[in-house]
$ cat target17.txt   # compact mmCIF, C-alpha atoms
# COMPACT_ATOMS: atom_id res chain seq x y z
CA MET C 1 106.48 97.54 -80.74
CA PHE C 2 104.52 95.30 -78.35
CA GLN C 3 107.73 94.42 -76.45
CA PHE C 4 108.63 98.10 -76.19
CA LEU C 5 105.16 98.91 -74.84
CA LYS C 6 105.38 96.13 -72.23
CA LYS C 7 108.80 97.44 -71.17
CA PHE C 8 107.51 101.00 -71.04
CA ILE C 9 104.66 100.14 -68.67
CA GLY C 10 106.88 97.97 -66.47
CA ILE C 11 105.91 94.43 -67.51
CA PRO C 12 108.97 92.13 -67.37
CA THR C 13 110.01 90.78 -70.77
CA THR C 14 113.65 89.71 -70.48
CA ALA C 15 115.40 87.19 -68.24
CA ALA C 16 117.08 90.12 -66.47
CA ASP C 17 113.65 91.66 -65.76
CA PHE C 18 112.38 88.43 -64.23
CA ILE C 19 115.57 88.03 -62.19
CA VAL C 20 115.06 91.53 -60.74
CA ARG C 21 111.47 90.61 -59.90
CA GLY C 22 112.65 87.36 -58.28
CA ASN C 23 115.32 89.19 -56.29
CA ARG C 24 112.70 91.56 -54.89
CA SER C 25 110.59 88.60 -53.81
CA MET C 26 113.63 86.97 -52.18
CA GLU C 27 114.26 90.16 -50.18
CA LEU C 28 110.68 89.87 -48.89
CA CYS C 29 111.16 86.13 -48.15
CA ASP C 30 108.38 85.40 -50.64
CA PHE C 31 110.15 82.33 -52.00
CA GLU C 32 107.24 80.97 -54.03
CA SER C 33 106.93 84.23 -56.00
CA ALA C 34 110.70 84.30 -56.45
CA ILE C 35 110.68 80.75 -57.83
CA LYS C 36 107.92 81.69 -60.32
CA ALA C 37 109.89 84.73 -61.49
CA TYR C 38 113.15 82.78 -61.86
CA ARG C 39 111.36 79.99 -63.73
CA ARG C 40 110.11 82.62 -66.18
CA ALA C 41 113.68 83.95 -66.50
CA VAL C 42 114.88 80.45 -67.41
CA GLU C 43 112.04 80.04 -69.95
CA VAL C 44 112.91 83.38 -71.57
CA ASP C 45 116.66 82.63 -71.69
CA THR C 46 117.68 78.98 -71.35
CA ARG C 47 121.37 80.03 -71.52
CA SER C 48 121.25 82.28 -68.44
CA ALA C 49 123.50 80.77 -65.77
CA GLU C 50 122.40 83.53 -63.39
CA ALA C 51 118.72 82.62 -63.79
CA TYR C 52 119.41 78.93 -63.04
CA CYS C 53 121.56 79.89 -60.03
CA CYS C 54 118.85 82.19 -58.67
CA LEU C 55 116.23 79.49 -59.20
CA GLY C 56 118.31 76.91 -57.33
CA THR C 57 118.92 79.35 -54.48
CA ALA C 58 115.22 80.13 -54.16
CA ILE C 59 114.29 76.45 -54.11
CA ILE C 60 116.85 75.83 -51.34
CA SER C 61 115.20 78.62 -49.35
CA THR C 62 111.90 76.72 -49.33
CA GLU C 63 113.72 73.71 -47.79
CA GLU C 64 111.58 71.40 -49.92
CA ASN C 65 112.89 69.91 -53.17
CA LEU C 66 116.67 69.89 -52.79
CA ASP C 67 117.13 67.57 -55.78
CA GLN C 68 115.36 70.14 -57.96
CA ALA C 69 117.60 72.87 -56.55
CA ILE C 70 120.70 70.80 -57.32
CA GLU C 71 119.43 70.20 -60.85
CA SER C 72 119.09 73.97 -61.43
CA LEU C 73 122.52 74.61 -59.96
CA ASN C 74 124.03 71.84 -62.12
CA GLN C 75 122.65 73.71 -65.12
CA ALA C 76 124.08 77.02 -63.86
CA ILE C 77 127.51 75.42 -63.45
CA ALA C 78 127.32 73.75 -66.87
CA LEU C 79 126.68 77.19 -68.38
CA ASP C 80 129.28 79.02 -66.27
CA ARG C 81 132.10 77.03 -64.63
CA GLN C 82 133.41 80.28 -63.08
CA SER C 83 130.31 80.95 -60.96
CA ALA C 84 131.50 80.80 -57.36
CA GLU C 85 127.94 81.49 -56.22
CA ALA C 86 126.53 78.47 -58.08
CA PHE C 87 129.14 76.19 -56.50
CA TYR C 88 128.44 77.73 -53.08
CA GLN C 89 124.68 77.29 -53.39
CA ARG C 90 125.06 73.70 -54.60
CA GLY C 91 127.32 73.12 -51.59
CA VAL C 92 124.53 74.44 -49.36
CA ALA C 93 122.04 72.08 -51.03
CA PHE C 94 124.36 69.09 -50.57
CA ARG C 95 124.93 70.08 -46.94
CA ASN C 96 121.18 70.26 -46.38
CA LYS C 97 120.83 66.76 -47.87
CA GLY C 98 123.52 65.48 -45.50
CA CYS C 99 126.04 64.88 -48.34
CA HIS C 100 128.92 66.54 -46.50
CA PHE C 101 131.78 65.38 -48.72
CA LEU C 102 130.04 66.56 -51.92
CA ALA C 103 129.32 69.86 -50.17
CA ILE C 104 132.97 70.22 -49.16
CA ASP C 105 134.10 69.68 -52.78
CA ASP C 106 131.73 72.40 -54.05
CA LEU C 107 132.65 74.83 -51.28
CA ARG C 108 136.35 74.34 -51.99
CA GLU C 109 135.69 75.25 -55.61
CA ALA C 110 133.63 78.29 -54.57
CA THR C 111 136.49 79.59 -52.41
CA ARG C 112 139.01 78.88 -55.19
CA LEU C 113 136.94 80.90 -57.65
CA ASN C 114 136.25 83.67 -55.12
CA PRO C 115 138.76 83.74 -52.24
CA ASP C 116 136.70 86.50 -50.57
CA HIS C 117 133.48 84.46 -50.40
CA SER C 118 133.07 84.64 -46.63
CA ASN C 119 129.97 82.42 -46.47
CA ALA C 120 131.67 79.67 -48.49
CA HIS C 121 134.71 79.75 -46.18
CA ALA C 122 132.46 79.67 -43.11
CA LEU C 123 130.39 76.72 -44.31
CA LEU C 124 133.50 74.87 -45.46
CA ALA C 125 135.11 75.36 -42.04
CA SER C 126 131.92 74.24 -40.30
CA LEU C 127 131.61 71.07 -42.39
CA LYS C 128 135.27 70.17 -41.94
CA SER C 129 134.83 70.63 -38.19
CA ILE C 130 131.75 68.39 -38.18
CA VAL C 131 133.45 65.65 -40.20
CA ALA C 132 136.61 65.78 -38.10
CA SER C 133 134.89 66.03 -34.71
CA ARG C 134 133.52 62.51 -35.13
CA ASN C 135 137.03 61.30 -34.39
CA PRO C 136 139.32 64.24 -33.54
CA ALA C 137 142.33 62.06 -32.75
CA GLU C 138 142.40 60.65 -36.30
CA ASN C 139 141.40 63.88 -38.05
CA GLN C 140 143.95 66.41 -36.84
CA GLU C 141 144.82 67.47 -40.39
CA VAL C 142 141.16 68.14 -41.26
CA LEU C 143 140.79 70.19 -38.07
CA ARG C 144 143.86 72.21 -39.08
CA GLN C 145 142.23 72.83 -42.47
CA ALA C 146 139.10 74.03 -40.66
CA LEU C 147 141.26 76.47 -38.67
CA ASN C 148 142.67 77.84 -41.94
CA GLU C 149 139.14 78.38 -43.24
CA TYR C 150 138.10 80.15 -40.03
CA ALA C 151 141.19 82.37 -40.32
CA GLU C 152 139.90 83.45 -43.74
CA VAL C 153 136.37 83.98 -42.43
CA ILE C 154 137.67 86.15 -39.59
CA ARG C 155 139.93 88.08 -41.96
CA LEU C 156 136.92 88.85 -44.17
CA ASN C 157 134.58 89.65 -41.27
CA PRO C 158 136.53 90.31 -38.06
CA ASN C 159 133.52 91.73 -36.18
CA ASP C 160 131.36 88.59 -36.15
CA PRO C 161 131.68 87.01 -32.69
CA SER C 162 130.12 83.71 -33.78
CA ARG C 163 133.11 82.99 -36.03
CA TYR C 164 135.52 83.19 -33.08
CA GLU C 165 133.27 80.91 -31.03
CA MET C 166 133.17 78.36 -33.84
CA ARG C 167 136.95 78.45 -34.16
CA ALA C 168 137.23 78.01 -30.39
CA ARG C 169 135.43 74.65 -30.72
CA VAL C 170 138.00 73.51 -33.28
CA TYR C 171 140.86 74.56 -30.99
CA ARG C 172 139.23 72.52 -28.19
CA ASN C 173 139.03 69.46 -30.44
CA LEU C 174 142.75 69.92 -31.08
CA GLY C 175 143.43 70.19 -27.34
CA GLU C 176 144.51 73.84 -27.61
CA GLU C 177 142.53 75.17 -24.68
CA GLY C 178 144.43 78.47 -24.37
CA LYS C 179 143.66 79.49 -27.96
CA ALA C 180 140.03 78.43 -27.51
CA ILE C 181 139.71 80.68 -24.45
CA LEU C 182 141.32 83.62 -26.31
CA ASP C 183 138.79 83.27 -29.14
CA GLU C 184 135.89 83.11 -26.68
CA GLN C 185 137.19 86.24 -24.92
CA THR C 186 137.47 88.04 -28.28
CA ALA C 187 133.89 87.05 -29.13
CA GLU C 188 132.71 88.40 -25.77
CA LYS C 189 134.56 91.71 -26.27
CA ILE C 190 132.96 92.15 -29.70
CA ARG C 191 129.51 91.47 -28.27
CA LYS C 192 130.01 93.97 -25.45
CA ALA C 193 131.32 96.59 -27.86
CA LYS C 194 128.20 96.17 -30.01
CA VAL C 195 125.87 96.41 -27.02
CA TYR C 196 127.59 99.37 -25.36
CA GLY C 197 128.78 101.07 -28.57
CA GLU C 198 132.41 100.95 -27.51
$ encode --input "target17.txt" --output "structure tokens"
Amino acid sequence: MFQFLKKFIGIPTTAADFIVRGNRSMELCDFESAIKAYRRAVEVDTRSAEAYCCLGTAIISTEENLDQAIESLNQAIALDRQSAEAFYQRGVAFRNKGCHFLAIDDLREATRLNPDHSNAHALLASLKSIVASRNPAENQEVLRQALNEYAEVIRLNPNDPSRYEMRARVYRNLGEEGKAILDEQTAEKIRKAKVYGE
């Protein structure tokens, strides 16, 4: 009866309720309130992979305790090995810690689980480009892999000019100046179309 009354007057009681509350706080960029709500979700349901994933994501957003974020995301993945979002967020955390190869592994898994995860493809392409650009002559294959990731990103979101510009940098590292210029021209056309409503 007491639980019903709390629900009736809008007081969160379930993990799902606290997740909704946390999501609202995330939309407002109130990360501390979001973390509190997601922590309550985890307390209410220790088997909720979604709650652990949300908690890890919120902690990453504060840019403070990345190890704590990774711990939450480890728990989310342990509970649900099919969560592309948990692998993506853990990849973000590893990237933020400077652990690029661990990030790449997680992002690969995120894109395997969800081939349409545009952000995972974009971050994977970016990290491969960074790793390979340290020595482009010896990392041609990795640069080619980055191009494949950018092709997916552009397929999923063809109207984002920044993606073409990023791919242009990879083409330059491969010595393919003509393709780099074409991508830069495409990015410029998209920007003009957005400004002038063409």
$ residues_around --input "target17.txt" --residues "C:Ala76" --least-positions-apart "4" --cutoff "6 Å" --atoms "only C-alpha atoms" --output "ChimeraX atom specification"
/C:49,52-53
$ residues_around --input "target17.txt" --residues "C:Met166" --least-positions-apart "5" --cutoff "10 Å" --atoms "only C-alpha atoms" --output "list of chain:residue names"
C:Ala122, C:Ala125, C:Ser126, C:Ser129, C:Leu147, C:Tyr150, C:Pro161, C:Tyr171, C:Ala180, C:Asp183, C:Glu184, C:Ala187
$ residues_around --input "target17.txt" --residues "C:Thr186" --least-positions-apart "2" --cutoff "10 Å" --atoms "all atoms listed in the file" --output "list in words"
Asn159, Asp160, Pro161, Tyr164, Glu165, Ala180, Ile181, Leu182, Asp183, Glu184, Glu188, Lys189, Ile190, Arg191 and Lys192 of chain C
$ residues_around --input "target17.txt" --residues "stretch 36-41 of chain C" --least-positions-apart "6" --cutoff "12 Å" --atoms "all atoms listed in the file" --output "ChimeraX atom specification"
/C:12-26,30,47-59,69,72
$ closest_residue --input "target17.txt" --among "C:Ala93, C:Val153, C:Ala193, C:Ala132" --to "C:Gln68" --atoms "only C-alpha atoms"
C:Ala93
$ atom_distance --input "target17.txt" --atom1 "atom CA of C:Leu107" --atom2 "atom CA of C:Gln82"
13.0 Å
$ closest_residue --input "target17.txt" --among "C:Asp80, C:Glu176, C:Glu32, C:Asp116" --to "C:Leu143" --atoms "only C-alpha atoms"
C:Glu176
$ closest_residue --input "target17.txt" --among "C:Ser33, C:Asn74, C:Asn148, C:Asn173" --to "C:Leu124" --atoms "all atoms listed in the file"
C:Asn148
$ decode --input "target17.txt" --residues "stretch 123-148 of chain C" --atoms "N, CA and C atoms" --output "mmCIF file, in the first residue's frame"
data_model
loop_
_atom_site.group_PDB
_atom_site.id
_atom_site.type_symbol
_atom_site.label_atom_id
_atom_site.label_comp_id
_atom_site.auth_asym_id
_atom_site.auth_seq_id
_atom_site.Cartn_x
_atom_site.Cartn_y
_atom_site.Cartn_z
ATOM 1 N N LEU C 123 34.318 7.351 -32.979
ATOM 2 C CA LEU C 123 35.408 7.356 -32.008
ATOM 3 C C LEU C 123 36.455 6.310 -32.373
ATOM 4 N N LEU C 124 35.998 5.168 -32.868
ATOM 5 C CA LEU C 124 36.927 4.118 -33.297
ATOM 6 C C LEU C 124 37.803 4.625 -34.439
ATOM 7 N N ALA C 125 37.189 5.284 -35.412
ATOM 8 C CA ALA C 125 37.953 5.834 -36.535
ATOM 9 C C ALA C 125 38.960 6.869 -36.044
ATOM 10 N N SER C 126 38.515 7.735 -35.141
ATOM 11 C CA SER C 126 39.385 8.780 -34.607
ATOM 12 C C SER C 126 40.590 8.187 -33.885
ATOM 13 N N LEU C 127 40.352 7.178 -33.040
ATOM 14 C CA LEU C 127 41.446 6.568 -32.287
ATOM 15 C C LEU C 127 42.413 5.833 -33.199
ATOM 16 N N LYS C 128 41.881 5.136 -34.198
ATOM 17 C CA LYS C 128 42.766 4.450 -35.140
ATOM 18 C C LYS C 128 43.621 5.464 -35.898
ATOM 19 N N SER C 129 43.022 6.590 -36.248
ATOM 20 C CA SER C 129 43.769 7.649 -36.934
ATOM 21 C C SER C 129 44.883 8.188 -36.047
ATOM 22 N N ILE C 130 44.559 8.407 -34.773
ATOM 23 C CA ILE C 130 45.561 8.941 -33.827
ATOM 24 C C ILE C 130 46.718 7.962 -33.669
ATOM 25 N N VAL C 131 46.391 6.693 -33.455
ATOM 26 C CA VAL C 131 47.425 5.669 -33.264
ATOM 27 C C VAL C 131 48.296 5.565 -34.515
ATOM 28 N N ALA C 132 47.657 5.544 -35.673
ATOM 29 C CA ALA C 132 48.402 5.359 -36.924
ATOM 30 C C ALA C 132 49.195 6.594 -37.327
ATOM 31 N N SER C 133 48.698 7.779 -36.992
ATOM 32 C CA SER C 133 49.357 9.011 -37.446
ATOM 33 C C SER C 133 50.708 9.244 -36.780
ATOM 34 N N ARG C 134 50.986 8.494 -35.708
ATOM 35 C CA ARG C 134 52.295 8.610 -35.069
ATOM 36 C C ARG C 134 53.399 8.139 -36.007
ATOM 37 N N ASN C 135 53.041 7.207 -36.887
ATOM 38 C CA ASN C 135 54.002 6.713 -37.875
ATOM 39 C C ASN C 135 53.233 6.204 -39.087
ATOM 40 N N PRO C 136 52.702 7.134 -39.914
ATOM 41 C CA PRO C 136 51.832 6.734 -41.025
ATOM 42 C C PRO C 136 52.455 5.724 -41.978
ATOM 43 N N ALA C 137 53.745 5.833 -42.210
ATOM 44 C CA ALA C 137 54.402 4.930 -43.163
ATOM 45 C C ALA C 137 54.305 3.471 -42.725
ATOM 46 N N GLU C 138 54.357 3.231 -41.405
ATOM 47 C CA GLU C 138 54.308 1.854 -40.899
ATOM 48 C C GLU C 138 52.896 1.407 -40.531
ATOM 49 N N ASN C 139 51.933 2.315 -40.607
ATOM 50 C CA ASN C 139 50.576 1.993 -40.155
ATOM 51 C C ASN C 139 49.525 2.189 -41.245
ATOM 52 N N GLN C 140 49.897 1.865 -42.465
ATOM 53 C CA GLN C 140 48.964 2.024 -43.582
ATOM 54 C C GLN C 140 47.690 1.210 -43.393
ATOM 55 N N GLU C 141 47.838 -0.012 -42.878
ATOM 56 C CA GLU C 141 46.672 -0.888 -42.701
ATOM 57 C C GLU C 141 45.707 -0.307 -41.665
ATOM 58 N N VAL C 142 46.249 0.250 -40.580
ATOM 59 C CA VAL C 142 45.398 0.851 -39.550
ATOM 60 C C VAL C 142 44.682 2.078 -40.108
ATOM 61 N N LEU C 143 45.378 2.855 -40.930
ATOM 62 C CA LEU C 143 44.743 4.013 -41.573
ATOM 63 C C LEU C 143 43.619 3.560 -42.503
ATOM 64 N N ARG C 144 43.825 2.467 -43.206
ATOM 65 C CA ARG C 144 42.764 1.919 -44.075
ATOM 66 C C ARG C 144 41.559 1.491 -43.238
ATOM 67 N N GLN C 145 41.821 0.906 -42.070
ATOM 68 C CA GLN C 145 40.727 0.527 -41.168
ATOM 69 C C GLN C 145 39.966 1.772 -40.701
ATOM 70 N N ALA C 146 40.709 2.846 -40.428
ATOM 71 C CA ALA C 146 40.065 4.103 -40.021
ATOM 72 C C ALA C 146 39.166 4.614 -41.146
ATOM 73 N N LEU C 147 39.631 4.502 -42.385
ATOM 74 C CA LEU C 147 38.794 4.918 -43.528
ATOM 75 C C LEU C 147 37.500 4.123 -43.572
ATOM 76 N N ASN C 148 37.587 2.824 -43.321
ATOM 77 C CA ASN C 148 36.383 1.977 -43.309
ATOM 78 C C ASN C 148 35.401 2.429 -42.235
#
